[in-house]
>>> print(open('structure.cif').read())   # mmCIF, N, CA and C atoms
data_entry
loop_
_atom_site.label_atom_id
_atom_site.label_comp_id
_atom_site.auth_asym_id
_atom_site.auth_seq_id
_atom_site.Cartn_x
_atom_site.Cartn_y
_atom_site.Cartn_z
N LYS T 1 72.90 41.53 80.66
CA LYS T 1 73.09 42.68 81.53
C LYS T 1 71.75 43.09 82.16
N LYS T 2 70.70 43.09 81.35
CA LYS T 2 69.37 43.46 81.87
C LYS T 2 68.92 42.48 82.95
N LEU T 3 69.18 41.21 82.74
CA LEU T 3 68.81 40.20 83.72
C LEU T 3 69.49 40.48 85.07
N LEU T 4 70.77 40.80 85.03
CA LEU T 4 71.50 41.09 86.26
C LEU T 4 70.97 42.35 86.94
N GLU T 5 70.61 43.33 86.14
CA GLU T 5 70.03 44.55 86.71
C GLU T 5 68.68 44.26 87.36
N ASP T 6 67.86 43.44 86.71
CA ASP T 6 66.54 43.10 87.24
C ASP T 6 66.63 42.34 88.56
N GLU T 7 67.68 41.57 88.72
CA GLU T 7 67.85 40.72 89.92
C GLU T 7 68.88 41.29 90.89
N GLU T 8 69.19 42.57 90.77
CA GLU T 8 70.27 43.18 91.53
C GLU T 8 70.14 42.99 93.04
N LYS T 9 68.96 43.17 93.58
CA LYS T 9 68.77 43.05 95.03
C LYS T 9 69.07 41.62 95.51
N LYS T 10 68.55 40.63 94.80
CA LYS T 10 68.82 39.23 95.16
C LYS T 10 70.30 38.92 95.03
N ILE T 11 70.91 39.42 93.98
CA ILE T 11 72.33 39.16 93.74
C ILE T 11 73.18 39.75 94.86
N ARG T 12 72.90 40.97 95.25
CA ARG T 12 73.66 41.59 96.34
C ARG T 12 73.55 40.77 97.62
N PHE T 13 72.34 40.37 97.96
CA PHE T 13 72.11 39.57 99.16
C PHE T 13 72.87 38.24 99.07
N TYR T 14 72.77 37.58 97.93
CA TYR T 14 73.42 36.30 97.70
C TYR T 14 74.94 36.41 97.79
N LEU T 15 75.52 37.39 97.12
CA LEU T 15 76.97 37.53 97.12
C LEU T 15 77.49 37.96 98.49
N ASN T 16 76.70 38.72 99.23
CA ASN T 16 77.07 39.04 100.60
C ASN T 16 77.15 37.76 101.43
N ASN T 17 76.20 36.85 101.23
CA ASN T 17 76.24 35.57 101.94
C ASN T 17 77.46 34.75 101.53
N ILE T 18 77.80 34.78 100.25
CA ILE T 18 79.00 34.08 99.77
C ILE T 18 80.23 34.63 100.48
N ASP T 19 80.35 35.94 100.55
CA ASP T 19 81.49 36.56 101.23
C ASP T 19 81.53 36.19 102.71
N GLN T 20 80.39 36.12 103.34
CA GLN T 20 80.33 35.71 104.75
C GLN T 20 80.78 34.26 104.93
N LEU T 21 80.38 33.41 104.01
CA LEU T 21 80.83 32.01 104.08
C LEU T 21 82.34 31.90 103.93
N VAL T 22 82.91 32.71 103.06
CA VAL T 22 84.37 32.72 102.89
C VAL T 22 85.03 33.13 104.20
N GLU T 23 84.54 34.19 104.80
CA GLU T 23 85.13 34.65 106.07
C GLU T 23 84.96 33.60 107.17
N TYR T 24 83.81 33.00 107.25
CA TYR T 24 83.55 31.96 108.24
C TYR T 24 84.48 30.77 108.02
N SER T 25 84.71 30.41 106.77
CA SER T 25 85.59 29.29 106.44
C SER T 25 87.01 29.52 106.92
N LYS T 26 87.45 30.77 106.88
CA LYS T 26 88.80 31.09 107.33
C LYS T 26 89.00 30.73 108.80
N SER T 27 87.95 30.85 109.61
CA SER T 27 88.08 30.53 111.03
C SER T 27 88.33 29.03 111.23
N TYR T 28 88.03 28.22 110.23
CA TYR T 28 88.29 26.79 110.27
C TYR T 28 89.50 26.40 109.43
N ASN T 29 90.20 27.39 108.93
CA ASN T 29 91.33 27.16 108.04
C ASN T 29 90.90 26.30 106.84
N ALA T 30 89.70 26.59 106.34
CA ALA T 30 89.14 25.84 105.21
C ALA T 30 89.09 26.73 103.98
N ILE T 31 89.05 26.09 102.85
CA ILE T 31 88.91 26.79 101.58
C ILE T 31 87.55 26.42 101.00
N PRO T 32 86.63 27.36 100.94
CA PRO T 32 85.32 27.04 100.37
C PRO T 32 85.40 26.89 98.85
N ILE T 33 84.59 26.00 98.35
CA ILE T 33 84.48 25.80 96.90
C ILE T 33 83.00 25.97 96.56
N PHE T 34 82.70 26.93 95.71
CA PHE T 34 81.32 27.22 95.34
C PHE T 34 81.01 26.60 93.99
N ILE T 35 79.81 26.06 93.87
CA ILE T 35 79.35 25.43 92.64
C ILE T 35 77.99 26.02 92.30
N ASN T 36 77.85 26.52 91.08
CA ASN T 36 76.53 27.02 90.71
C ASN T 36 75.59 25.85 90.46
N GLN T 37 74.34 26.14 90.38
CA GLN T 37 73.30 25.12 90.41
C GLN T 37 72.56 25.01 89.09
N VAL T 38 72.08 23.82 88.81
CA VAL T 38 71.24 23.59 87.64
C VAL T 38 69.92 22.96 88.08
N MET T 39 68.94 23.09 87.22
CA MET T 39 67.64 22.46 87.44
C MET T 39 67.29 21.68 86.17
N ALA T 40 66.17 21.03 86.19
CA ALA T 40 65.76 20.23 85.04
C ALA T 40 65.69 21.06 83.76
N ASN T 41 65.36 22.33 83.90
CA ASN T 41 65.32 23.20 82.72
C ASN T 41 66.64 23.93 82.51
N GLY T 42 67.72 23.38 83.05
CA GLY T 42 69.03 24.01 82.95
C GLY T 42 69.15 25.09 83.99
N ALA T 43 69.69 26.19 83.61
CA ALA T 43 69.78 27.34 84.52
C ALA T 43 68.93 28.46 83.94
N HIS T 44 67.82 28.10 83.32
CA HIS T 44 67.04 29.08 82.58
C HIS T 44 65.97 29.77 83.40
N GLU T 45 65.78 29.37 84.63
CA GLU T 45 64.89 30.12 85.50
C GLU T 45 65.59 31.44 85.79
N LYS T 46 64.88 32.52 85.65
CA LYS T 46 65.46 33.87 85.66
C LYS T 46 66.38 34.13 86.85
N SER T 47 65.89 33.91 88.05
CA SER T 47 66.71 34.20 89.23
C SER T 47 67.92 33.29 89.32
N LEU T 48 67.73 32.01 89.03
CA LEU T 48 68.84 31.07 89.10
C LEU T 48 69.92 31.42 88.09
N LEU T 49 69.52 31.79 86.91
CA LEU T 49 70.48 32.18 85.88
C LEU T 49 71.26 33.42 86.32
N ALA T 50 70.57 34.40 86.86
CA ALA T 50 71.24 35.62 87.32
C ALA T 50 72.22 35.32 88.44
N LEU T 51 71.82 34.48 89.39
CA LEU T 51 72.70 34.14 90.50
C LEU T 51 73.90 33.34 90.03
N SER T 52 73.69 32.48 89.07
CA SER T 52 74.78 31.68 88.52
C SER T 52 75.83 32.56 87.84
N ILE T 53 75.37 33.47 87.02
CA ILE T 53 76.28 34.39 86.33
C ILE T 53 77.01 35.27 87.35
N ALA T 54 76.27 35.80 88.29
CA ALA T 54 76.86 36.68 89.31
C ALA T 54 77.89 35.94 90.15
N LEU T 55 77.59 34.69 90.52
CA LEU T 55 78.54 33.92 91.32
C LEU T 55 79.85 33.71 90.57
N MET T 56 79.77 33.31 89.32
CA MET T 56 80.99 33.06 88.55
C MET T 56 81.80 34.35 88.38
N ASP T 57 81.14 35.47 88.13
CA ASP T 57 81.84 36.75 88.02
C ASP T 57 82.48 37.13 89.36
N HIS T 58 81.74 36.93 90.43
CA HIS T 58 82.22 37.26 91.78
C HIS T 58 83.44 36.41 92.15
N CYS T 59 83.39 35.15 91.78
CA CYS T 59 84.52 34.25 92.06
C CYS T 59 85.79 34.73 91.37
N VAL T 60 85.65 35.18 90.15
CA VAL T 60 86.82 35.70 89.42
C VAL T 60 87.35 36.95 90.11
N LYS T 61 86.46 37.88 90.43
CA LYS T 61 86.86 39.14 91.06
C LYS T 61 87.52 38.92 92.41
N LYS T 62 86.99 37.99 93.19
CA LYS T 62 87.47 37.78 94.56
C LYS T 62 88.49 36.65 94.67
N ASN T 63 88.77 35.99 93.55
CA ASN T 63 89.70 34.87 93.52
C ASN T 63 89.23 33.72 94.41
N TYR T 64 87.92 33.47 94.39
CA TYR T 64 87.35 32.34 95.13
C TYR T 64 87.44 31.09 94.26
N LYS T 65 87.41 29.97 94.91
CA LYS T 65 87.41 28.68 94.21
C LYS T 65 85.96 28.35 93.83
N CYS T 66 85.72 28.22 92.54
CA CYS T 66 84.36 27.97 92.07
C CYS T 66 84.38 26.97 90.92
N ILE T 67 83.30 26.23 90.85
CA ILE T 67 83.11 25.29 89.75
C ILE T 67 81.84 25.69 89.01
N ASP T 68 82.00 25.90 87.73
CA ASP T 68 80.87 26.30 86.89
C ASP T 68 80.22 25.06 86.30
N LEU T 69 79.20 24.58 86.96
CA LEU T 69 78.46 23.42 86.48
C LEU T 69 77.44 23.84 85.43
N ALA T 70 76.83 24.98 85.62
CA ALA T 70 75.65 25.36 84.85
C ALA T 70 75.92 25.69 83.38
N THR T 71 77.04 26.29 83.08
CA THR T 71 77.26 26.80 81.73
C THR T 71 77.16 25.74 80.65
N ASN T 72 77.81 24.62 80.82
CA ASN T 72 77.84 23.62 79.76
C ASN T 72 77.13 22.32 80.12
N PHE T 73 76.32 22.34 81.15
CA PHE T 73 75.65 21.12 81.58
C PHE T 73 74.46 20.82 80.69
N LYS T 74 74.43 19.63 80.16
CA LYS T 74 73.33 19.19 79.31
C LYS T 74 72.53 18.14 80.08
N GLY T 75 71.57 18.60 80.84
CA GLY T 75 70.77 17.71 81.66
C GLY T 75 69.67 17.01 80.87
N LYS T 76 69.20 15.94 81.43
CA LYS T 76 68.07 15.21 80.85
C LYS T 76 66.98 15.13 81.92
N GLN T 77 65.76 15.01 81.48
CA GLN T 77 64.63 15.02 82.41
C GLN T 77 64.75 13.93 83.48
N ASN T 78 65.31 12.77 83.13
CA ASN T 78 65.41 11.69 84.11
C ASN T 78 66.53 11.91 85.14
N TYR T 79 67.19 13.04 85.10
CA TYR T 79 68.17 13.40 86.13
C TYR T 79 67.48 13.99 87.35
N TRP T 80 66.21 14.34 87.22
CA TRP T 80 65.49 15.01 88.31
C TRP T 80 64.20 14.29 88.65
N TYR T 81 63.89 14.28 89.95
CA TYR T 81 62.60 13.77 90.40
C TYR T 81 61.50 14.78 90.08
N ASP T 82 61.79 16.04 90.38
CA ASP T 82 60.74 17.06 90.36
C ASP T 82 61.20 18.37 89.73
N GLY T 83 62.28 18.35 89.02
CA GLY T 83 62.79 19.57 88.41
C GLY T 83 63.88 20.24 89.22
N ILE T 84 63.95 19.92 90.50
CA ILE T 84 64.95 20.52 91.39
C ILE T 84 65.84 19.45 92.03
N HIS T 85 65.24 18.41 92.57
CA HIS T 85 65.98 17.37 93.29
C HIS T 85 66.42 16.27 92.33
N THR T 86 67.70 15.91 92.41
CA THR T 86 68.24 14.95 91.47
C THR T 86 67.92 13.51 91.85
N THR T 87 67.79 12.70 90.83
CA THR T 87 67.67 11.25 90.99
C THR T 87 69.08 10.71 91.23
N PRO T 88 69.20 9.44 91.61
CA PRO T 88 70.55 8.87 91.72
C PRO T 88 71.36 9.03 90.43
N LEU T 89 70.72 8.84 89.29
CA LEU T 89 71.43 9.03 88.02
C LEU T 89 71.88 10.47 87.86
N GLY T 90 71.00 11.41 88.14
CA GLY T 90 71.36 12.82 88.03
C GLY T 90 72.51 13.19 88.95
N SER T 91 72.48 12.68 90.17
CA SER T 91 73.56 12.94 91.13
C SER T 91 74.88 12.37 90.62
N GLU T 92 74.81 11.18 90.04
CA GLU T 92 76.02 10.56 89.50
C GLU T 92 76.60 11.38 88.34
N ILE T 93 75.75 11.78 87.44
CA ILE T 93 76.21 12.57 86.28
C ILE T 93 76.80 13.89 86.74
N ILE T 94 76.13 14.56 87.65
CA ILE T 94 76.64 15.84 88.16
C ILE T 94 77.98 15.63 88.86
N SER T 95 78.09 14.59 89.66
CA SER T 95 79.36 14.34 90.34
C SER T 95 80.48 14.07 89.35
N GLU T 96 80.17 13.40 88.24
CA GLU T 96 81.18 13.16 87.21
C GLU T 96 81.64 14.47 86.56
N LYS T 97 80.74 15.44 86.45
CA LYS T 97 81.09 16.75 85.89
C LYS T 97 81.92 17.57 86.87
N ILE T 98 81.58 17.47 88.14
CA ILE T 98 82.23 18.28 89.16
C ILE T 98 83.60 17.73 89.56
N TYR T 99 83.70 16.41 89.66
CA TYR T 99 84.88 15.78 90.25
C TYR T 99 86.22 16.23 89.64
N PRO T 100 86.40 16.22 88.31
CA PRO T 100 87.71 16.63 87.78
C PRO T 100 88.10 18.06 88.18
N LYS T 101 87.13 18.96 88.20
CA LYS T 101 87.42 20.34 88.58
C LYS T 101 87.70 20.44 90.07
N PHE T 102 86.95 19.69 90.86
CA PHE T 102 87.15 19.65 92.30
C PHE T 102 88.54 19.09 92.62
N LYS T 103 88.90 18.01 91.97
CA LYS T 103 90.21 17.38 92.19
C LYS T 103 91.34 18.36 91.85
N LYS T 104 91.20 19.10 90.76
CA LYS T 104 92.23 20.07 90.38
C LYS T 104 92.37 21.15 91.46
N ILE T 105 91.25 21.65 91.97
CA ILE T 105 91.32 22.67 93.02
C ILE T 105 92.03 22.12 94.24
N ILE T 106 91.68 20.92 94.65
CA ILE T 106 92.30 20.29 95.83
C ILE T 106 93.78 20.09 95.59
N ASN T 107 94.15 19.56 94.43
CA ASN T 107 95.56 19.32 94.14
C ASN T 107 96.39 20.60 94.06
N ASP T 108 95.77 21.68 93.57
CA ASP T 108 96.47 22.96 93.47
C ASP T 108 96.67 23.62 94.82
N ASN T 109 95.91 23.17 95.83
CA ASN T 109 96.01 23.78 97.15
C ASN T 109 96.64 22.83 98.12
#
>>> encode(input="structure.cif", output="structure tokens")
Amino acid sequence: KKLLEDEEKKIRFYLNNIDQLVEYSKSYNAIPIFINQVMANGAHEKSLLALSIALMDHCVKKNYKCIDLATNFKGKQNYWYDGIHTTPLGSEIISEKIYPKFKKIINDN
């Protein structure tokens, strides 16, 4: 809770952008799917962790389609080139985590 309070301004700005993307998607008759992000150190960077938690909570409140990658992702150092950008192996592993949830969202819609 303290983390979310400390990052409140960033979270408000971020979630406002998420809401704008949802509205923009409607003009294309599209359904946006949001995925939280991980880094080589997981989601333990303060701002990233706060945004990840806020996004998942916001998705529930607004009934947005979201995939929670960060909560249970067990990354390895060789998944990243530099801590942020994924290697081909990292991209493959992440896609394997995302795909079943993505497929379910698509099939349900």
>>> residues_near_point(input="structure.cif", point="(70.4, 22.9, 79.0)", cutoff="7 Å", atoms="only C-alpha atoms", output="list in words")
Asn41, Gly42, Phe73, Lys74 and Gly75 of chain T
>>> atom_distance(input="structure.cif", atom1="CA of Lys1 (chain T)", atom2="CA of Ala70 (chain T)")
17.8 Å
>>> atom_distance(input="structure.cif", atom1="CA of Asp68 (chain T)", atom2="CA of Leu55 (chain T)")
9.1 Å
>>> residues_around(input="structure.cif", residues="region 88-94 of chain T", least_positions_apart="2", cutoff="9 Å", atoms="only C-alpha atoms", output="PyMOL selection string")
chain T and resi 69+73+75-76+78-80+85-86+96-99
>>> atom_distance(input="structure.cif", atom1="CA of Ala40 (chain T)", atom2="CA of Gly83 (chain T)")
4.5 Å
>>> closest_residue(input="structure.cif", among="T:Ile105, T:Met56, T:Ile84, T:Ala50", to="Glu7 (chain T)", atoms="only N, CA and C atoms")
T:Ala50
>>> select_by_dssp(input="structure.cif", residues="chain T", states="helix (DSSP H, G or I)", output="PyMOL selection string")
chain T and resi 2-6+8-26+46-62+77-79+88-108
>>> residues_around(input="structure.cif", residues="Asp6 (chain T)", least_positions_apart="3", cutoff="12 Å", atoms="only C-alpha atoms", output="VMD selection string")
chain T and resid 1 to 3 9 to 12 46 to 47 49 to 51
>>> residues_around(input="structure.cif", residues="Ile31 (chain T)", least_positions_apart="4", cutoff="8 Å", atoms="all atoms listed in the file", output="PDB file with N, CA and C atoms, in the frame of the given file")
ATOM      1  N   VAL T  22      82.910  32.710 103.060  1.00  0.00           N
ATOM      2  CA  VAL T  22      84.370  32.720 102.890  1.00  0.00           C
ATOM      3  C   VAL T  22      85.030  33.130 104.200  1.00  0.00           C
ATOM      4  N   SER T  25      84.710  30.410 106.770  1.00  0.00           N
ATOM      5  CA  SER T  25      85.590  29.290 106.440  1.00  0.00           C
ATOM      6  C   SER T  25      87.010  29.520 106.920  1.00  0.00           C
ATOM      7  N   LYS T  26      87.450  30.770 106.880  1.00  0.00           N
ATOM      8  CA  LYS T  26      88.800  31.090 107.330  1.00  0.00           C
ATOM      9  C   LYS T  26      89.000  30.730 108.800  1.00  0.00           C
ATOM     10  N   LYS T  65      87.410  29.970  94.910  1.00  0.00           N
ATOM     11  CA  LYS T  65      87.410  28.680  94.210  1.00  0.00           C
ATOM     12  C   LYS T  65      85.960  28.350  93.830  1.00  0.00           C
TER      13      LYS T  65
END
>>> select_by_dssp(input="structure.cif", residues="chain T", states="strand (DSSP E)", output="PyMOL selection string")
chain T and resi 33-35+65-67
>>> resolve_selection(input="structure.cif", expression="the PyMOL selection byres (((chain T and resi 33 and name CA) around 8) and name CA)", output="JSON, numbers by chain")
{"T": [31, 32, 34, 35, 64, 65, 66, 67]}
>>> closest_residue(input="structure.cif", among="T:Lys62, T:Asp57, T:Ser52, T:Leu15", to="Gln37 (chain T)", atoms="only N, CA and C atoms")
T:Ser52
